[in-house]
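Colleague: Quick one: structure below, then a few questions.
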Amino acid sequence: MTSRPEADHETTPSTVSASDSSSKTTSNTRKVFVRTYGCQMNVYDSERMTDVLAPEGFEATHDLEDADLVILNTCHIREKAAEKVYSELGRIRKVKEERAKSGKDMMVGVAGCVAQAEGEEISRRAPIVDVVVGPQSYHQLPDLLQKARGGRKVVETEFDIDAKFDHLSDQAQKHVLKRAPSAFLTVQEGCDKFCTFCVVPYTRGAEVSRSVEQIVTEAERMAASGVREVTLLGQNVNAYHGEAPDGSTWGLGRLLRRLSEIGGLDRLRYTTSHPRDMDDDLIEAHRDLKTLMPYLHLPVQSGSDRILKSMNRRHTREEYFRLIDQIRAAAPDIALSGDFIVGFPGETDQDFEDTMDLIRRVEYGSAFSFKYSQRPGTPGATMEDQVPEDVKSARLAELQALVSEQQKAFNASRLGMTCDVLLEKKGRNPGQLVGKSPWLQPVQLDAPEDLIGSIQAVEIVEIGSNSLFGQLFDRQDTTQKARPVPATVV
Ligand code: 5AD
Ligand code: SF4
């Protein structure tokens with residue numbers, strides 16, 4: 001399962017791990033600008049790319065014009081991904097030409113799933129691209145750039161994921177000093193599920209899990225550098241099956257139990273899950289672990305058995321309902337989230353009605369929904385009965401209206417509650433901070449800056465359209481008190 005889609009964004013110096021001594025600006029310092037598209041795994045990968053480049057004297061910049069190296073970390077999940085990359089490369093070409101007038105060079109790299117899927121085609125169509133690097137080869141970036149400096153076009157799209165993880169982990173360890181209070185940690189990559197709409201098994205390759213030791217070491221290092229919340233990432237994160245120190249294989253539930261023992265890591269999350277891999281141990285972890293936040297993104301894609309079968313999802317709607325019942329029995333206040341695709345080939349009005357019925361029955365706290373998009377090379381792309389665009393648009397609007405109603409109701413149900421909020425950064429207005437509720441809602445409140453990184457008891461006093469507004473209770477980190485302070489559910 002792919003990760004929850006996020007707004008495209010740049011990897012900024014505040015979220016990127018600034019390197020230690022090597023990050024100091026010297027005459028040899030070069031600037032790297034990374035633009036990240038797509039899921040959280042790309043966000044994590046962008047951070048690791050900057051880690052790997054730090055010892056080479058690269059420092060992150062917000063400013064494209066100022067960059068000696070530009071990397072586009074791309075996403076291929078839905079339509080027009082490659083076209084977006086080519087038009088962005090067109091804009092970058094102009095910046096590069098401007099810089100050249102003052103004698104400054106700019107190298108350009110394309111990373112991520114479009115790089116994996118398009119390979120050499122990218123440097124053919126966009127000659128300004130010096131390096132094309134697939135998601136499993138980021139550890140080789142310094143070497144690839146070195147080769148490209150000789151004027152060669154370099155394309156590296158091998159699948160050697162173990163090497164990537166070993167190397168990136170080492171680099172991250174050496175170079176990370178300070179981090180934002182909430183961080184991502186990739187525990188698993190790739191997917192063997194082959195849902196018939198999805199490119200991920202082709203762009204990210206087969207499922208590979210990192211070892212328990214590697215993950216624990218990285219999480220301990222994060223905790224030591226001030227991280228309070230870790231979100232474990234994987235395209236199919238609950239299929240995690242990593243090697244433990246004793247040689248046995250651990251699932252995600254066991255891994256979460258181990259991570260919850262790390263001092264300072266007060267919040268754990270994971271994304272994204274597949275219903276087939278939600279085993280009892282993981283569900284019980286939601287019941288047992290105070291550190292495991294009451295939020296679960298569990299995409300179902302469709303509520304119609306016929307479409308689920310054609311999508312190769314390998315479960316029925318009834319099985320999904322049973323799972324939801326089990327999860328809610330273990331964690332009654334959990335916020336459920338999901339992904340939906342409308343207009344998959346062959347989807348009739350009745351199939352769509354089944355999806356709407358499923359949404360009504362489950363009652364989501366939030367959800368992401370998409371019009372089906374034909375991805376070249378996937379079985380869905382060549383299926384008969386492709387659904388017309390106007391039908392897809394109408395169904396999407398209907399579904400989003402229902403989800404939005406449910407989201408509003410869920411948010412409104414938090415009014416008057418006191419809950420723990422991890423304060424993450426400054427808010428839009430002076431004197432304001434923004435944090436996250438246990439249910440992953442943004443919470444805005446008046447609070448002094450020195451509380452960033454602390455977990456505070458906050459009373460929810462107002463509900464906005466996208467975030468909650470809260471008031472500080474006192475100014476003591478809740479984990480310093482008789483811990484832990486549970487969210488008060490009324
Ligand atoms: N068309 C539309 N949506 C898609 N997704 C994945 N592939 C496609 C596609 N071909 C959606 C799924 C997935 C989310 C990350 O993106 O809902 O869960
Ligand atoms: Fe998720 Fe299915 Fe794609 Fe795998 S193939 S990443 S399970 S949507």
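Order determines the names: the first chain of the structure tokens is A, the second B, and so forth; residues in each chain are numbered 1 upward, and ligands are numbered 1 upward as they are shown.
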Hey, which residues sit close to ligand 2? Say within 8 Å, counting only C-alpha atoms and all ligand atoms, and write them as number ranges by chain.
Modeller: A: 1-3, 190-201, 235-236, 272-274, 313
Colleague: If you run DSSP on the backbone here, which positions in region 50-230 of chain A get helix (DSSP H, G or I)? Please write them as a PyMOL selection string.
Modeller: chain A and resi 50-56+64-66+81-101+112-118+120-125+138-149+161-175+200-203+212-224
Colleague: Point out the residue among A:Leu296, A:Leu415, A:Leu358, A:Ile92 with the least atom-to-atom distance to Ile334 (chain A), counting only C-alpha atoms.
Modeller: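 Among the listed residues, A:Leu296 lies closest to Ile334 (chain A).
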Colleague: From the options A:Ser337, A:Thr50, A:Thr74, A:Gln214, which residue's atoms come nearest to Tyr37 (chain A), counting only C-alpha atoms?
Modeller: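 Once distances to Tyr37 (chain A) are computed over only C-alpha atoms, the minimum belongs to A:Thr74.
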Colleague: Find the residues of chain A that sit at most 8 Å from ligand 1; for each, write down the nearest two atoms and how far apart they are in Å, to one decimal. Count only C-alpha atoms and all ligand atoms. Sort by chain, then by number going up, and give it as JSON lines.
Modeller:
```
{"residue": "A:Met1", "atom": "CA", "partner": "ligand 1", "partner_atom_place_in_ligand_line": "18 (O)", "distance": 5.9}
{"residue": "A:Thr2", "atom": "CA", "partner": "ligand 1", "partner_atom_place_in_ligand_line": "15 (C)", "distance": 4.6}
{"residue": "A:Ser3", "atom": "CA", "partner": "ligand 1", "partner_atom_place_in_ligand_line": "15 (C)", "distance": 5.4}
{"residue": "A:Arg4", "atom": "CA", "partner": "ligand 1", "partner_atom_place_in_ligand_line": "15 (C)", "distance": 5.3}
{"residue": "A:Pro5", "atom": "CA", "partner": "ligand 1", "partner_atom_place_in_ligand_line": "15 (C)", "distance": 5.6}
{"residue": "A:Cys39", "atom": "CA", "partner": "ligand 1", "partner_atom_place_in_ligand_line": "15 (C)", "distance": 7.7}
{"residue": "A:Ile77", "atom": "CA", "partner": "ligand 1", "partner_atom_place_in_ligand_line": "7 (N)", "distance": 5.3}
{"residue": "A:Arg78", "atom": "CA", "partner": "ligand 1", "partner_atom_place_in_ligand_line": "9 (C)", "distance": 5.3}
{"residue": "A:Glu79", "atom": "CA", "partner": "ligand 1", "partner_atom_place_in_ligand_line": "1 (N)", "distance": 7.5}
{"residue": "A:Phe197", "atom": "CA", "partner": "ligand 1", "partner_atom_place_in_ligand_line": "10 (N)", "distance": 4.5}
{"residue": "A:Cys198", "atom": "CA", "partner": "ligand 1", "partner_atom_place_in_ligand_line": "7 (N)", "distance": 4.3}
{"residue": "A:Val199", "atom": "CA", "partner": "ligand 1", "partner_atom_place_in_ligand_line": "7 (N)", "distance": 6.6}
{"residue": "A:Val200", "atom": "CA", "partner": "ligand 1", "partner_atom_place_in_ligand_line": "7 (N)", "distance": 8.0}
{"residue": "A:Pro299", "atom": "CA", "partner": "ligand 1", "partner_atom_place_in_ligand_line": "18 (O)", "distance": 5.9}
{"residue": "A:Val300", "atom": "CA", "partner": "ligand 1", "partner_atom_place_in_ligand_line": "18 (O)", "distance": 7.9}
{"residue": "A:Gln301", "atom": "CA", "partner": "ligand 1", "partner_atom_place_in_ligand_line": "17 (O)", "distance": 5.6}
{"residue": "A:Gly338", "atom": "CA", "partner": "ligand 1", "partner_atom_place_in_ligand_line": "18 (O)", "distance": 7.7}
{"residue": "A:Asp339", "atom": "CA", "partner": "ligand 1", "partner_atom_place_in_ligand_line": "17 (O)", "distance": 4.4}
{"residue": "A:Phe340", "atom": "CA", "partner": "ligand 1", "partner_atom_place_in_ligand_line": "17 (O)", "distance": 5.0}
{"residue": "A:Ile341", "atom": "CA", "partner": "ligand 1", "partner_atom_place_in_ligand_line": "17 (O)", "distance": 5.3}
{"residue": "A:Val342", "atom": "CA", "partner": "ligand 1", "partner_atom_place_in_ligand_line": "2 (C)", "distance": 7.7}
{"residue": "A:Phe344", "atom": "CA", "partner": "ligand 1", "partner_atom_place_in_ligand_line": "1 (N)", "distance": 7.9}
{"residue": "A:Phe368", "atom": "CA", "partner": "ligand 1", "partner_atom_place_in_ligand_line": "17 (O)", "distance": 7.2}
{"residue": "A:Ser369", "atom": "CA", "partner": "ligand 1", "partner_atom_place_in_ligand_line": "17 (O)", "distance": 6.4}
{"residue": "A:Phe370", "atom": "CA", "partner": "ligand 1", "partner_atom_place_in_ligand_line": "3 (N)", "distance": 5.0}
{"residue": "A:Lys371", "atom": "CA", "partner": "ligand 1", "partner_atom_place_in_ligand_line": "2 (C)", "distance": 5.3}
{"residue": "A:Tyr372", "atom": "CA", "partner": "ligand 1", "partner_atom_place_in_ligand_line": "1 (N)", "distance": 3.7}
{"residue": "A:Ser373", "atom": "CA", "partner": "ligand 1", "partner_atom_place_in_ligand_line": "1 (N)", "distance": 3.8}
{"residue": "A:Gln374", "atom": "CA", "partner": "ligand 1", "partner_atom_place_in_ligand_line": "10 (N)", "distance": 5.4}
{"residue": "A:Arg375", "atom": "CA", "partner": "ligand 1", "partner_atom_place_in_ligand_line": "10 (N)", "distance": 5.4}
{"residue": "A:Gly380", "atom": "CA", "partner": "ligand 1", "partner_atom_place_in_ligand_line": "10 (N)", "distance": 7.8}
```
Colleague: What separation in Å, quoted to one decimal, exists between CA of Ser260 (chain A) and CA of Leu292 (chain A)?
Modeller: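 Interatomic distance, CA of Ser260 (chain A) to CA of Leu292 (chain A): 7.9 Å.
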Colleague: Give me the residues near Ala81 (chain A) as a ChimeraX atom specification, where near means some atom within 10 Å (using only C-alpha atoms) and where sequence neighbours in that chain fewer than 4 positions away do not count.
Modeller: /A:37-38,74-77,85-86,113-114
Colleague: Create the file for the chosen residues now, containing N, CA and C atoms and written as an mmCIF file, in the first residue's frame.
Modeller:
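The file below, part32.cif, is the result:
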```cif
data_model
loop_
_atom_site.group_PDB
_atom_site.id
_atom_site.type_symbol
_atom_site.label_atom_id
_atom_site.label_comp_id
_atom_site.auth_asym_id
_atom_site.auth_seq_id
_atom_site.Cartn_x
_atom_site.Cartn_y
_atom_site.Cartn_z
ATOM 1 N N TYR A 37 8.095 15.411 -4.165
ATOM 2 C CA TYR A 37 6.708 15.180 -4.586
ATOM 3 C C TYR A 37 6.244 13.888 -3.926
ATOM 4 N N GLY A 38 4.911 13.790 -3.703
ATOM 5 C CA GLY A 38 4.338 12.497 -3.349
ATOM 6 C C GLY A 38 4.328 12.173 -1.871
ATOM 7 N N THR A 74 10.734 12.545 -7.272
ATOM 8 C CA THR A 74 9.444 12.493 -7.971
ATOM 9 C C THR A 74 8.535 11.352 -7.539
ATOM 10 N N CYS A 75 7.269 11.488 -7.923
ATOM 11 C CA CYS A 75 6.237 10.488 -7.600
ATOM 12 C C CYS A 75 5.526 10.088 -8.893
ATOM 13 N N HIS A 76 5.166 8.821 -8.994
ATOM 14 C CA HIS A 76 4.611 8.316 -10.252
ATOM 15 C C HIS A 76 3.222 7.717 -10.052
ATOM 16 N N ILE A 77 2.612 7.980 -8.885
ATOM 17 C CA ILE A 77 1.436 7.192 -8.512
ATOM 18 C C ILE A 77 0.224 7.496 -9.378
ATOM 19 N N VAL A 85 7.075 16.604 -14.200
ATOM 20 C CA VAL A 85 8.526 16.651 -14.006
ATOM 21 C C VAL A 85 9.190 17.340 -15.197
ATOM 22 N N TYR A 86 8.750 16.992 -16.416
ATOM 23 C CA TYR A 86 9.363 17.627 -17.589
ATOM 24 C C TYR A 86 9.101 19.132 -17.610
ATOM 25 N N CYS A 113 10.282 7.824 -8.122
ATOM 26 C CA CYS A 113 9.623 6.787 -8.922
ATOM 27 C C CYS A 113 9.535 7.133 -10.407
ATOM 28 N N VAL A 114 9.474 8.431 -10.744
ATOM 29 C CA VAL A 114 9.481 8.763 -12.179
ATOM 30 C C VAL A 114 10.861 8.427 -12.749
#
```
Colleague: Using only C-alpha atoms, determine which residues lie at most 12 Å from Arg91 (chain A), disregarding the query and same-chain residues fewer than 6 positions distant; provide the list as an NGL selection string.
Modeller: :A and (64-65 or 70 or 84-85 or 97-98 or 108 or 126 or 128)
Colleague: Next, the residues of the selection above should be written as a PDB file, in the first residue's frame with C-alpha atoms.
Modeller:
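Output (again_26.pdb):
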```pdb
ATOM      1  CA  LEU A  64      16.367  27.346  -6.335  1.00  0.00           C
ATOM      2  CA  GLU A  65      18.359  30.241  -7.826  1.00  0.00           C
ATOM      3  CA  VAL A  70      18.876  20.625  -7.805  1.00  0.00           C
ATOM      4  CA  LYS A  84       4.876  17.576 -14.421  1.00  0.00           C
ATOM      5  CA  VAL A  85       8.526  16.651 -14.006  1.00  0.00           C
ATOM      6  CA  GLU A  97      20.873  29.526 -17.987  1.00  0.00           C
ATOM      7  CA  GLU A  98      20.571  32.641 -15.796  1.00  0.00           C
ATOM      8  CA  VAL A 108      20.359  18.643 -12.018  1.00  0.00           C
ATOM      9  CA  ALA A 126      15.615  16.860 -20.852  1.00  0.00           C
ATOM     10  CA  ILE A 128      19.889  19.484 -18.620  1.00  0.00           C
TER      11      ILE A 128
END
```
